[in-house]
Amino acid sequence: QDDMAITNNDVRQLDRNYVFHSWSMQGNLNPLVIAGAQGCELWDYEGNSWLDFSSQLVNVNLGYQHPRVLAAMKAQIDELVTIAPATANLTRGEAARRIIELAPAGFSKVFFTNAGADANENAIRMARLYTGRDKVLSAYRSYHGNTGSAIAATGDWRRVPNEFSRGHVHFFNPYLYRSEFSASNEQEECARALAHLRRIIECEGPGAIAAILLESIPGTAGILVPPAGYMQGVRALADEFGIILILDEVMAGFGRTGSWFAFEQDGIVPDLITFAKGVNAGYVPAGGVIISEPIAHYFDDHFFAGGLTYSGHPLAMAAIVATLDAMKEEKVVENAAYIGDNVLRPGLETLAAKHPLIGEVRGRGVFQAMELVTNSQTKTPVGAAEMASIKFALTEAGLLSFVVENRIHVVPPCTISAEQVEKGLAIFDSVLSRFGGLVR
Ligand code: PLP
């Protein structure tokens with residue numbers, strides 16, 4: 001079919017007839033039709049275009065259709081499009097080496113997965129096999145992915161080393177704006193959150209806890225930048241009790257916060273790092289676990305009971321190599337830091353000073369959020385229907401936004417320019433002005 005003849009409605013109808021969507025009731029969906037994209041802009045079949053302040057699912061960190069990544073993928077297709085994980089493959093080795101070079105000293109191997117969820121699955125598996133313990137502590141305010149039953153359902157012998165019975169325990173992570181600890185400042189929030197975590201560890205039995213799994217900056221949960229000292233405190237607790245610290249960098253990693261990894265800004269080093277999304281700008285599904293030397297070494301003579309058909313798929317690996325090289329040469333991480341500190345964050349603060357609807361602005365780099373409230377004293381969240389209207393109005397005005405609950409996550413590609421940020425901020429300004437009546 002000739003592109004010119006296709007309408008938005010054709011594509012939407014095809015989708016509604018045959019595609020089953022994530023996280024939705026299927027009945028009343030009206031998905032945005034996207035025909036193409038370049039850099040930080042997307043368009044449909046009928047001349048409408050959008051500036052991207054979402055990076056899709058916070059993964060297109062390099063922007064769309066980067067020529068270098070496309071060229072590397074095309075070259076890989078011609079060279080060797082697929083090969084099993086048990087083989088040695090040049091592109092896979094090059095991707096792993098680049099990731100290890102970006103990781104802190106003391107990390108030595110990369111296990112590749114298909115995405116973020118299975119990166120966390122495999123990091124948890126490594127921590128359990130390494131420690132011989134089974135419980136995993138993680139935060140209530142977190143998102144780590146959407147898998148979990150496949151190996152438990154498996155009938156063959158591979159199920160057996162993965163049969164851990166006592167599972168998962170949750171704790172409250174710091175979130176001063178809506179403190180679970182009645183804290184009134186960062187220091188209190190930090191100290192009380194750490195005391196709470198210590199009590200959870202003691203009550204669950206340190207000898208049963210394999211891992212603490214934490215997003216370096218919880219993303220979907222609200223871009224909850226931890227208070228100064230919290231991550232060091234968690235690291236110290238993990239050390240004290242012999243618990244593996246897994247940091248989930250799936251959303252925060254690869255430039256988003258203005259550093260390669262978000263935890264670098266907290267001055268700590270985890271034992272395992274999980275990644276996906278930004279590692280290849282989301283061009284081909286890929287994720288993985290970056291493994292510190294003691295754990296990697298442990299598996300030199302202990303069987304690793306985990307694997308995936310597409311672990312280290314050459315096409316995904318080619319996209320990783322080219323993405324990381326382009327990010328280095330084009331100083332994309334530096335751009336994320338610069339734009340975050342000098343354009344995006346100050347711009348959002350200015351909006352917050354003008355619009356009482358904005359209760360708080362928080363984040364690092366191009367990983368920012370605005371929390372919308374109807375009253376700054378009671379912090380009453382703007383309701384779901386109103387947030388949907390705001391999102392709709394932003395889309396109508398040409399801005400693709402990332403709305404979660406009562407928040408707008410401001411997460412453009414790391415390549416965004418100052419001019420594009422100004423354009424997006426102006427759209428926020430005009431749309432929020434129209435919703436000022438929500439404030440009570
Ligand atoms: N971890 C974090 C922090 C995420 O934000 C996500 C996805 O949004 C995941 C894990 C799961 O990644 P995937 O959807 O690639 O499985």
# chains A, B, ... in the order shown; residues from 1 in each chain; ligands from 1
call {"tool": "residues_around", "arguments": {"residues": "Val321 in chain A", "least_positions_apart": "5", "cutoff": "8 Å", "atoms": "only C-alpha atoms", "output": "ChimeraX atom specification"}}
result
/A:91,94-95,98,280
call {"tool": "residues_around", "arguments": {"residues": "range 323-329 of chain A", "least_positions_apart": "5", "cutoff": "8 Å", "atoms": "only C-alpha atoms", "output": "number ranges by chain"}}
result
A: 62, 68-69, 98, 279-281
call {"tool": "residues_near_ligand", "arguments": {"ligand": "ligand 1", "cutoff": "8 Å", "atoms": "only C-alpha atoms and all ligand atoms", "output": "number ranges by chain"}}
result
A: 57-58, 114-120, 142-147, 215, 218-220, 248-252, 274-277, 285-287
call {"tool": "residues_around", "arguments": {"residues": "Leu224 in chain A", "least_positions_apart": "4", "cutoff": "9 Å", "atoms": "only C-alpha atoms", "output": "list in words"}}
result
Arg141, Asn173, Pro174, Tyr175, Leu176, Ile217, Pro218, Gly219, Arg362, Gly363 and Ala369 of chain A
call {"tool": "write_last_selection", "arguments": {"atoms": "C-alpha atoms", "output": "PDB file, in the first residue's frame"}}
result
ATOM      1  CA  ARG A 141       6.807   2.852  45.379  1.00  0.00           C
ATOM      2  CA  ASN A 173      11.120   4.262  50.336  1.00  0.00           C
ATOM      3  CA  PRO A 174      11.582   7.979  51.019  1.00  0.00           C
ATOM      4  CA  TYR A 175       9.103  10.436  49.504  1.00  0.00           C
ATOM      5  CA  LEU A 176       9.187  13.615  51.526  1.00  0.00           C
ATOM      6  CA  ILE A 217      15.514   6.907  41.305  1.00  0.00           C
ATOM      7  CA  PRO A 218      12.050   5.330  41.330  1.00  0.00           C
ATOM      8  CA  GLY A 219      10.651   6.347  37.939  1.00  0.00           C
ATOM      9  CA  ARG A 362      11.497  17.145  41.343  1.00  0.00           C
ATOM     10  CA  GLY A 363      14.068  15.138  39.402  1.00  0.00           C
ATOM     11  CA  ALA A 369       8.186  15.361  37.338  1.00  0.00           C
TER      12      ALA A 369
END
call {"tool": "residues_around", "arguments": {"residues": "Leu315 in chain A", "least_positions_apart": "5", "cutoff": "7 Å", "atoms": "only C-alpha atoms", "output": "PyMOL selection string"}}
result
chain A and resi 73+76-77+81
call {"tool": "atom_distance", "arguments": {"atom1": "CA of Pro227 in chain A", "atom2": "CA of Gly205 in chain A"}}
result
26.4 Å
call {"tool": "select_by_dssp", "arguments": {"residues": "range 78-114 of chain A", "states": "strand (DSSP E or B)", "output": "ChimeraX atom specification"}}
result
/A:107-113
call {"tool": "residues_around", "arguments": {"residues": "Gly436 in chain A", "least_positions_apart": "4", "cutoff": "8 Å", "atoms": "only C-alpha atoms", "output": "ChimeraX atom specification"}}
result
/A:355-357,432
call {"tool": "select_by_dssp", "arguments": {"residues": "range 2-187 of chain A", "states": "alpha helix (DSSP H)", "output": "JSON, numbers by chain"}}
result
{"A": [8, 9, 10, 11, 12, 13, 14, 15, 16, 17, 18, 55, 56, 57, 58, 67, 68, 69, 70, 71, 72, 73, 74, 75, 76, 77, 78, 79, 90, 91, 92, 93, 94, 95, 96, 97, 98, 99, 100, 101, 102, 116, 117, 118, 119, 120, 121, 122, 123, 124, 125, 126, 127, 128, 129, 130, 131, 150, 151, 152, 153, 186, 187]}
call {"tool": "closest_residue", "arguments": {"among": "A:Cys203, A:Leu237, A:Ile295, A:Ile212", "to": "Lys135 in chain A", "atoms": "only C-alpha atoms"}}
result
A:Ile212
call {"tool": "atom_distance", "arguments": {"atom1": "CA of Gln13 in chain A", "atom2": "CA of Asn28 in chain A"}}
result
12.4 Å
call {"tool": "closest_residue", "arguments": {"among": "A:Pro67, A:Gly233, A:Ala72, A:Arg159", "to": "Cys190 in chain A", "atoms": "only C-alpha atoms"}}
result
A:Gly233
call {"tool": "closest_residue", "arguments": {"among": "A:Phe53, A:Trp43, A:Phe181, A:Tyr130", "to": "Phe299 in chain A", "atoms": "only C-alpha atoms"}}
result
A:Tyr130
call {"tool": "residues_around", "arguments": {"residues": "Val60 in chain A", "least_positions_apart": "3", "cutoff": "10 Å", "atoms": "only C-alpha atoms", "output": "mmCIF file with C-alpha atoms, in the first residue's frame"}}
result
data_model
loop_
_atom_site.group_PDB
_atom_site.id
_atom_site.type_symbol
_atom_site.label_atom_id
_atom_site.label_comp_id
_atom_site.auth_asym_id
_atom_site.auth_seq_id
_atom_site.Cartn_x
_atom_site.Cartn_y
_atom_site.Cartn_z
ATOM 1 C CA GLY A 39 14.961 13.330 16.435
ATOM 2 C CA CYS A 40 12.509 14.566 19.081
ATOM 3 C CA ASP A 52 8.218 14.315 22.380
ATOM 4 C CA SER A 54 7.858 11.290 26.917
ATOM 5 C CA SER A 55 10.633 9.425 25.071
ATOM 6 C CA GLN A 56 7.804 6.883 24.564
ATOM 7 C CA LEU A 57 8.200 4.764 27.715
ATOM 8 C CA GLY A 63 15.712 10.382 19.849
ATOM 9 C CA TYR A 64 14.172 8.695 16.818
ATOM 10 C CA GLN A 65 15.883 7.262 13.749
ATOM 11 C CA LYS A 277 15.476 0.900 27.656
ATOM 12 C CA GLY A 278 18.097 3.614 27.055
ATOM 13 C CA VAL A 279 21.003 1.218 26.470
ATOM 14 C CA ASN A 280 20.057 1.168 22.794
ATOM 15 C CA ALA A 281 17.462 3.950 22.844
ATOM 16 C CA GLY A 282 14.766 1.299 22.633
ATOM 17 C CA TYR A 283 15.490 0.577 18.957
ATOM 18 C CA VAL A 411 11.146 13.041 30.203
ATOM 19 C CA PRO A 412 12.182 14.166 26.705
ATOM 20 C CA PRO A 413 14.962 12.417 24.794
ATOM 21 C CA CYS A 414 18.426 13.182 26.234
ATOM 22 C CA THR A 415 19.223 14.859 22.899
#
call {"tool": "residues_around", "arguments": {"residues": "Val136 in chain A", "least_positions_apart": "6", "cutoff": "6 Å", "atoms": "only C-alpha atoms", "output": "VMD selection string"}}
result
chain A and resid 168 209 to 212
call {"tool": "closest_residue", "arguments": {"among": "A:Ala103, A:Ala153, A:Ala5, A:Val225", "to": "Tyr177 in chain A", "atoms": "only C-alpha atoms"}}
result
A:Val225
call {"tool": "atom_distance", "arguments": {"atom1": "CA of Asp271 in chain A", "atom2": "CA of Ile291 in chain A"}}
result
6.9 Å
